[in-house]
$ cat run23.cif   # mmCIF, C-alpha atoms
data_final
loop_
_atom_site.label_atom_id
_atom_site.label_comp_id
_atom_site.auth_asym_id
_atom_site.auth_seq_id
_atom_site.Cartn_x
_atom_site.Cartn_y
_atom_site.Cartn_z
CA MET A 54 -62.13 -246.85 -29.62
CA LYS A 55 -63.64 -249.08 -32.19
CA SER A 56 -62.95 -246.54 -34.87
CA ARG A 57 -59.33 -246.41 -33.77
CA GLY A 58 -58.99 -250.15 -33.97
CA ARG A 59 -60.66 -250.11 -37.34
CA LEU A 60 -58.20 -247.53 -38.56
CA LEU A 61 -55.33 -249.73 -37.41
CA ASP A 62 -56.84 -252.70 -39.21
CA ILE A 63 -57.06 -250.72 -42.44
CA ILE A 64 -53.44 -249.62 -42.11
CA LYS A 65 -52.33 -253.20 -41.39
CA SER A 66 -54.23 -254.57 -44.35
CA TYR A 67 -52.56 -252.09 -46.72
CA ARG A 68 -49.14 -252.51 -45.16
CA LEU A 69 -47.35 -252.83 -48.51
CA PHE A 70 -48.86 -249.55 -49.67
CA TRP A 71 -47.73 -247.75 -46.51
CA VAL A 72 -44.24 -249.25 -46.68
CA ILE A 73 -43.88 -248.05 -50.28
CA CYS A 74 -45.15 -244.57 -49.30
CA GLY A 75 -42.68 -244.43 -46.39
CA ALA A 76 -39.83 -245.62 -48.63
CA LEU A 77 -40.73 -242.96 -51.24
CA LEU A 78 -40.81 -240.29 -48.52
CA LEU A 79 -37.42 -241.43 -47.24
CA VAL A 80 -35.97 -241.46 -50.78
CA ASN A 81 -37.35 -237.92 -51.37
CA VAL A 82 -35.84 -236.60 -48.13
CA LEU A 83 -32.48 -238.23 -48.89
CA PHE A 84 -32.59 -236.92 -52.47
CA TYR A 85 -33.32 -233.40 -51.20
CA PHE A 86 -30.51 -233.41 -48.63
CA VAL A 87 -27.93 -235.14 -50.82
CA TYR A 88 -28.56 -233.70 -54.25
CA ILE A 89 -30.78 -230.61 -54.13
CA SER A 90 -29.16 -228.90 -51.13
CA ALA A 91 -25.69 -229.50 -52.63
CA GLU A 92 -26.84 -228.05 -55.93
CA SER A 93 -28.41 -225.08 -54.12
CA ARG A 94 -25.05 -224.33 -52.47
CA LYS A 95 -23.38 -224.71 -55.86
CA ILE A 96 -25.90 -222.29 -57.42
CA GLY A 97 -25.15 -219.73 -54.69
CA GLN A 98 -21.43 -220.05 -55.35
CA LEU A 99 -21.97 -219.71 -59.11
CA GLN A 100 -24.13 -216.61 -58.59
CA THR A 101 -21.42 -215.03 -56.45
CA GLN A 102 -18.78 -215.92 -59.03
CA PHE A 103 -20.99 -214.55 -61.83
CA GLN A 104 -21.49 -211.25 -59.96
CA ALA A 105 -17.71 -210.92 -59.47
CA GLU A 106 -17.06 -211.60 -63.18
CA ARG A 107 -19.84 -209.24 -64.17
CA LYS A 108 -18.32 -206.49 -62.00
CA LYS A 109 -14.89 -207.06 -63.59
CA VAL A 110 -16.36 -206.90 -67.10
CA SER A 111 -18.33 -203.78 -66.19
CA GLU A 112 -15.18 -202.09 -64.86
CA LEU A 113 -13.25 -203.10 -67.97
CA ARG A 114 -15.98 -201.71 -70.21
CA LYS A 115 -16.08 -198.50 -68.19
CA ARG A 116 -12.29 -198.18 -68.41
CA GLN A 117 -12.41 -198.89 -72.15
CA ALA A 118 -15.14 -196.27 -72.58
CA GLU A 119 -12.95 -193.73 -70.75
CA ILE A 120 -9.99 -194.64 -72.97
CA ASP A 121 -12.16 -194.33 -76.09
CA GLN A 122 -13.50 -190.99 -74.87
CA PHE A 123 -9.94 -189.76 -74.24
CA LYS A 124 -8.82 -190.93 -77.70
CA SER A 125 -11.80 -189.19 -79.27
CA ALA A 126 -11.06 -185.97 -77.37
CA LEU A 127 -7.38 -186.21 -78.35
CA LYS A 128 -8.34 -186.72 -81.99
CA ALA A 129 -10.73 -183.74 -81.84
CA TRP A 130 -8.06 -181.61 -80.15
CA THR A 131 -5.47 -182.57 -82.75
CA ALA A 132 -7.90 -181.77 -85.55
CA PHE A 133 -8.70 -178.43 -83.90
CA GLU A 134 -5.01 -177.67 -83.43
CA GLU A 135 -4.31 -178.48 -87.06
CA SER A 136 -7.17 -176.22 -88.18
CA LEU A 137 -5.59 -173.21 -86.49
CA PRO A 138 -3.48 -170.97 -88.70
CA GLY A 139 0.27 -171.26 -88.36
CA LYS A 140 2.26 -168.71 -86.39
CA ILE A 141 3.64 -167.43 -89.67
CA GLN A 142 0.17 -166.09 -90.48
CA PHE A 143 0.11 -163.89 -87.36
CA PRO A 144 0.94 -160.60 -89.16
CA GLU A 145 -1.82 -161.26 -91.71
CA ARG A 146 -4.43 -161.88 -88.97
CA ILE A 147 -3.36 -158.77 -87.06
CA GLN A 148 -3.68 -156.75 -90.26
CA GLN A 149 -7.23 -158.10 -90.60
CA LEU A 150 -7.92 -157.09 -86.99
CA LYS A 151 -6.68 -153.56 -87.68
CA GLN A 152 -8.87 -153.37 -90.79
CA ILE A 153 -11.93 -154.36 -88.75
CA LEU A 154 -11.08 -151.72 -86.15
CA SER A 155 -10.74 -149.03 -88.79
CA ARG A 156 -13.93 -150.20 -90.59
CA TYR A 157 -15.94 -149.38 -87.47
CA ARG A 158 -13.91 -146.25 -86.73
CA LEU A 159 -12.45 -147.75 -83.57
CA ALA A 160 -8.97 -146.27 -83.32
CA SER A 161 -6.29 -148.02 -81.32
CA ASP A 162 -2.71 -146.85 -81.32
CA ASP A 163 -1.35 -149.30 -78.77
CA LEU A 164 -2.05 -152.59 -80.55
CA SER A 165 1.04 -154.53 -79.53
CA PHE A 166 1.04 -158.25 -78.83
CA ARG A 167 3.02 -160.39 -76.40
CA SER A 168 3.90 -163.91 -77.45
CA GLU A 169 4.00 -166.93 -75.14
CA PRO A 170 4.07 -170.64 -75.96
CA ILE A 171 1.38 -172.83 -74.42
CA LYS A 172 2.93 -175.42 -72.13
CA ASP A 173 2.66 -179.01 -73.37
CA GLU A 174 0.86 -177.93 -76.54
CA ASN A 175 1.92 -177.11 -80.05
CA LEU A 176 0.36 -173.64 -79.77
CA VAL A 177 1.52 -170.10 -79.22
CA ARG A 178 -0.68 -167.40 -77.67
CA PHE A 179 -0.44 -163.72 -78.61
CA THR A 180 -2.11 -161.39 -76.10
CA THR A 181 -2.88 -157.70 -76.15
CA THR A 182 -4.88 -155.17 -74.20
CA PHE A 183 -5.99 -151.99 -75.89
CA GLN A 184 -8.45 -149.15 -75.44
CA THR A 185 -10.64 -147.54 -78.02
CA THR A 186 -13.59 -145.16 -78.18
CA GLY A 187 -16.71 -145.31 -80.29
CA GLN A 188 -20.40 -146.06 -80.42
CA TYR A 189 -21.98 -149.09 -78.76
CA ASP A 190 -23.34 -150.44 -82.08
CA ASP A 191 -19.85 -150.24 -83.59
CA PHE A 192 -18.46 -152.22 -80.63
CA LYS A 193 -21.12 -154.90 -81.17
CA ARG A 194 -20.33 -155.17 -84.88
CA PHE A 195 -16.59 -155.28 -84.14
CA ILE A 196 -17.04 -158.16 -81.67
CA ALA A 197 -19.36 -160.02 -84.07
CA GLU A 198 -16.83 -159.73 -86.89
CA LEU A 199 -13.99 -160.70 -84.54
CA GLN A 200 -15.85 -163.92 -83.79
CA THR A 201 -16.09 -164.79 -87.48
CA MET A 202 -12.41 -164.25 -88.21
CA PRO A 203 -10.48 -167.37 -89.15
CA GLY A 204 -8.40 -168.77 -86.31
CA LEU A 205 -9.04 -168.53 -82.61
CA PHE A 206 -9.46 -165.10 -81.05
CA CYS A 207 -10.58 -165.11 -77.43
CA ILE A 208 -11.91 -162.08 -75.62
CA ARG A 209 -10.42 -162.55 -72.18
CA ARG A 210 -11.88 -159.36 -70.71
CA ILE A 211 -13.99 -156.51 -72.00
CA GLU A 212 -14.87 -153.35 -70.14
CA LEU A 213 -17.18 -150.57 -71.36
CA GLN A 214 -17.27 -147.13 -69.71
CA GLN A 215 -19.22 -143.96 -70.37
CA PRO A 216 -16.95 -141.14 -69.11
CA GLY A 217 -19.61 -138.46 -69.60
CA ASP A 218 -22.91 -137.83 -71.35
CA ASP A 219 -21.38 -135.98 -74.28
CA LYS A 220 -18.27 -138.16 -74.62
CA PRO A 221 -18.06 -141.36 -76.71
CA LEU A 222 -18.14 -144.77 -75.08
CA GLU A 223 -14.75 -146.23 -74.07
CA MET A 224 -13.93 -149.90 -74.45
CA GLU A 225 -10.95 -151.70 -72.98
CA ILE A 226 -10.49 -155.19 -74.37
CA ASP A 227 -8.06 -157.95 -73.54
CA LEU A 228 -7.60 -160.28 -76.54
CA ALA A 229 -5.75 -163.53 -77.02
CA ALA A 230 -5.04 -165.05 -80.42
CA TYR A 231 -3.89 -168.66 -80.72
CA PHE A 232 -1.75 -169.98 -83.55
CA ARG A 233 -0.15 -173.30 -84.34
CA ASP A 234 3.56 -173.27 -83.52
CA ASP A 235 5.04 -175.21 -86.40
CA ASN A 236 8.57 -174.79 -85.01
CA ARG A 237 7.93 -176.82 -81.86
CA PRO A 238 8.12 -180.61 -82.02
CA SER A 239 4.79 -182.37 -81.67
CA ASN A 240 4.10 -183.70 -78.14
CA GLN A 241 2.39 -186.89 -79.24
#
$ encode --input "run23.cif" --output "structure tokens"
Amino acid sequence: MKSRGRLLDIIKSYRLFWVICGALLLVNVLFYFVYISAESRKIGQLQTQFQAERKKVSELRKRQAEIDQFKSALKAWTAFEESLPGKIQFPERIQQLKQILSRYRLASDDLSFRSEPIKDENLVRFTTTFQTTGQYDDFKRFIAELQTMPGLFCIRRIELQQPGDDKPLEMEIDLAAYFRDDNRPSNQ
């Protein structure tokens, strides 16, 4: 008990010190509740607001990137379309095709084309299906040279058949050739 009384005497003798410590503790608690907790709530609100703004900016950037990508694709498509030969050059290209066929001794009597405009584009497609006979190596060279021709020739279907051991190989090919239709108004 004496030690307890002694402890109380020490506390009483340094009363001013303990009052100042208590006042500082009270000021710190009040400062925390009044200022820091209010600022913490404000920080939370600002973080939420920042995240919302960041999401908006991210969506705007994504939308702008999509628009830029579309514009780039449109520009590339327009450049591609302009690089195609005009429809007026169709007879010349078909003559080249016939020359390639004859160069590899691939005869085709029924080389007639159907014309159809491409919807919503400034293009016209000429399609044909024909059969020919020959050697496999000649077919490969024909296709390779067809791919290097100016303009756009698409092989839509190709079918090779060997009717018999002593007969030449038969090829049926479905071709499409695309040309710029200079008579149609531009859709841009």
$ atom_distance --input "run23.cif" --atom1 "atom CA of A:Lys220" --atom2 "atom CA of A:Gly187"
9.3 Å
$ resolve_selection --input "run23.cif" --expression "the PyMOL selection byres ((chain A and resi 142) around 12)" --output "count of residues only"
20
$ atom_distance --input "run23.cif" --atom1 "atom CA of A:Ser168" --atom2 "atom CA of A:Ala197"
24.5 Å
$ atom_distance --input "run23.cif" --atom1 "atom CA of A:Gln184" --atom2 "atom CA of A:Arg209"
13.9 Å
$ closest_residue --input "run23.cif" --among "A:Glu119, A:Asp218, A:Glu106, A:Glu223" --to "A:Asp191" --atoms "all atoms listed in the file"
A:Glu223
